[in-house]
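In what follows, a structure is listed as structure tokens, so that the remarks can point back to it.
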Protein chains: 2
Amino acid sequence: MKRNSRLSVALHVLLHMAEQADKALTSEVLASWAATNPVVIRRTFAGLRDAGIVGSTKGHGGGWTLLKPLDAVTLADIQAALDEPLLALGKAEESPGCLVEQAVNAALDDAVAQARRLLDERLSKITLADLAAQIGPRRVVLAAAGCKDPHHES
Amino acid sequence: MKRNSRLSVALHVLLHMAEQADKALTSEVLASWAATNPVVIRRTFAGLRDAGIVGSTKGHGGGWTLLKPLDAVTLADIQAALDEPLLALGKAEESPGCLVEQAVNAALDDAVAQARRLLDERLSKITLADLAAQIGPRRVVLAAAGCKDPHHES
DNA sequence: TTTCATGTAATTATATATGTTACGTGATGG
DNA sequence: CCATCACGTAACATATATAATTACATGAAA
């Protein structure tokens, strides 16, 4: 992996959890789905837990469970829970003495804030249920062709 | 510096160039404005040159010149010329075998593409002339207070 | 009380962006 | 024509950010 992919990972794992509903699933199982490390899952999901999207229990038979129905969780909820940067635009200097740079920073701050609002607005209209609905067709097509779900053979 | 600040640097330098109009300015001068290295300027401005926003000449008296009037260059033009990532959202895997992850990637690609369009739309409505107009007032205010333009004392 | 699973700190690895050095190319002035 | 200047670029070094890993503590269940 290379870039900020926490949202991608979270969505992937959450949808798999939905298929195994109700069972508490360990970080290790979740990590195998995302081809990553259990600790990465715990870190990523810590925000989701704080946001009430998932719950975790310790000890025997413990693990992670989805606490909300799929249509009650939007991508914006998840994004917010993960507290990601989202936009890659940075500034050369945060508090410049130069008047020109001050004006540049102000203009960029403005545009970035607006872009963030617009993206958030878009993400808030997509629920996990919407994504799940897009998986169904793919699975059916492949199943008809006699394929198994090719999950992480690596 | 830390993050993707090429747009910030480019805007800062371009506006300073506008104040010294017509004279060819060396990478070294431009770099001193941005508190960076001449080579960084050359790299950053290579895209702007290809886009016809600035020109460069070699040899004695050579350097960089603005080729377009300030109101003919939008932030979207500059952004496009620099070819920056813009959005920080990445994917865990680019071409996953997993159907769930395929659906996640598709949805994210969609949302990101839309956000990019929206941000670009916003940036295309701001010209360098708009930014320059925002500098004037600040400078006047400070001059009245007896301050010099405090440029990069560090 | 042993085992299992999360919680979290600390460390290492890797990727990206930026800073720097070095050298090539073309243009200008003597 | 040749020394100088300035861009063009490759190669290398450094800094920061994200992810992967290790280690250990805490709490719950058998």
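Following the order of the structure tokens, chains are lettered A, B, ..., residues in each are numbered from 1, and ligands are numbered from 1.
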
Could you write out as a PyMOL selection string the residues of chain D within 10 Å of chain B, counting only C-alpha atoms (C1' of nucleotides)?
-> chain D and resi 4-9+15-17

Compile the residues of chain B that lie within 8 Å of chain A, evaluated using only C-alpha atoms, and express the compilation as an MDAnalysis selection string.
-> chainID B and resid 1:9 11:12 15:16 34 85:93 97:101 103:105 107:108 111:112 114:115 118:119 122:123 131:132 134:135 138:139 149:152

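Distance criterion 8 Å to chain B, applied with only C-alpha atoms (C1' of nucleotides), yields DA17, DT18, DG19, DG26, DA27 and DT28 of chain C on chain C.
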
Mind pulling up the distance from atom CA of Leu30 of chain B to atom CA of Ala72 of chain B?
->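 Straight-line distance from atom CA of Ala72 of chain B to atom CA of Leu30 of chain B works out to 21.4 Å.
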
Quick one: distance from atom CA of Ala129 of chain A to atom C1' of DT18 of chain D in Å, one decimal?
->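 Computing the Euclidean distance for atom CA of Ala129 of chain A and atom C1' of DT18 of chain D yields 29.0 Å.
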
Step one, run DSSP on the backbone; step two, keep only residues of segment 1-126 of chain A assigned to strand (DSSP E or B); then write them as a PyMOL selection string.
-> chain A and resi 25+54-57+63-66+74+87

Write a file of the selected residues as a PDB file, in the first residue's frame, keeping N, CA, C and O atoms.
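selection_36.pdb, freshly written:
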ATOM      1  N   LEU A  25     -16.467 -10.871  14.673  1.00  0.00           N
ATOM      2  CA  LEU A  25     -15.345 -11.287  13.834  1.00  0.00           C
ATOM      3  C   LEU A  25     -14.063 -10.674  14.359  1.00  0.00           C
ATOM      4  O   LEU A  25     -14.001  -9.490  14.667  1.00  0.00           O
ATOM      5  N   VAL A  54     -19.516   0.514  14.662  1.00  0.00           N
ATOM      6  CA  VAL A  54     -19.213  -0.874  15.006  1.00  0.00           C
ATOM      7  C   VAL A  54     -18.963  -0.960  16.512  1.00  0.00           C
ATOM      8  O   VAL A  54     -18.759   0.050  17.183  1.00  0.00           O
ATOM      9  N   GLY A  55     -18.972  -2.172  17.017  1.00  0.00           N
ATOM     10  CA  GLY A  55     -18.644  -2.398  18.415  1.00  0.00           C
ATOM     11  C   GLY A  55     -17.600  -3.487  18.512  1.00  0.00           C
ATOM     12  O   GLY A  55     -17.445  -4.283  17.593  1.00  0.00           O
ATOM     13  N   SER A  56     -16.866  -3.493  19.613  1.00  0.00           N
ATOM     14  CA  SER A  56     -15.842  -4.523  19.779  1.00  0.00           C
ATOM     15  C   SER A  56     -15.952  -5.117  21.172  1.00  0.00           C
ATOM     16  O   SER A  56     -16.249  -4.421  22.133  1.00  0.00           O
ATOM     17  N   THR A  57     -15.709  -6.424  21.276  1.00  0.00           N
ATOM     18  CA  THR A  57     -15.700  -7.096  22.575  1.00  0.00           C
ATOM     19  C   THR A  57     -14.425  -7.915  22.696  1.00  0.00           C
ATOM     20  O   THR A  57     -13.906  -8.436  21.704  1.00  0.00           O
ATOM     21  N   GLY A  63     -14.662  -9.881  19.304  1.00  0.00           N
ATOM     22  CA  GLY A  63     -14.375  -9.376  17.965  1.00  0.00           C
ATOM     23  C   GLY A  63     -15.230  -8.173  17.631  1.00  0.00           C
ATOM     24  O   GLY A  63     -15.732  -7.485  18.524  1.00  0.00           O
ATOM     25  N   TRP A  64     -15.403  -7.944  16.339  1.00  0.00           N
ATOM     26  CA  TRP A  64     -16.108  -6.745  15.870  1.00  0.00           C
ATOM     27  C   TRP A  64     -17.477  -7.092  15.321  1.00  0.00           C
ATOM     28  O   TRP A  64     -17.656  -8.109  14.674  1.00  0.00           O
ATOM     29  N   THR A  65     -18.434  -6.199  15.598  1.00  0.00           N
ATOM     30  CA  THR A  65     -19.776  -6.376  15.030  1.00  0.00           C
ATOM     31  C   THR A  65     -20.306  -5.047  14.504  1.00  0.00           C
ATOM     32  O   THR A  65     -20.008  -3.985  15.061  1.00  0.00           O
ATOM     33  N   LEU A  66     -21.099  -5.123  13.453  1.00  0.00           N
ATOM     34  CA  LEU A  66     -21.777  -3.951  12.909  1.00  0.00           C
ATOM     35  C   LEU A  66     -22.942  -3.596  13.833  1.00  0.00           C
ATOM     36  O   LEU A  66     -23.717  -4.457  14.216  1.00  0.00           O
ATOM     37  N   THR A  74     -23.633   6.303   6.044  1.00  0.00           N
ATOM     38  CA  THR A  74     -23.189   6.892   4.776  1.00  0.00           C
ATOM     39  C   THR A  74     -21.667   6.908   4.713  1.00  0.00           C
ATOM     40  O   THR A  74     -20.980   6.797   5.737  1.00  0.00           O
ATOM     41  N   LEU A  87      -8.087  16.032   1.313  1.00  0.00           N
ATOM     42  CA  LEU A  87      -7.522  16.835   0.227  1.00  0.00           C
ATOM     43  C   LEU A  87      -6.006  16.914   0.357  1.00  0.00           C
ATOM     44  O   LEU A  87      -5.475  17.064   1.446  1.00  0.00           O
TER      45      LEU A  87
END

Taking the backbone alone, and naming residues the way the document does, which bits of chain B are helix (DSSP H, G or I) by DSSP, as an NGL selection string?
-> :B and (6-19 or 27-34 or 38-50 or 70-72 or 75-82 or 99-123 or 128-144)

Please indicate the distance in Å from atom CA of Pro38 of chain B to atom CA of Leu70 of chain B, rounded to one decimal place.
-> 23.4 Å

Near DA13 of chain C, within 9 Å and counting only C-alpha atoms (C1' of nucleotides), which residues show up once chain neighbours fewer than 4 positions away are dropped, as number ranges by chain?
-> D: 19-21
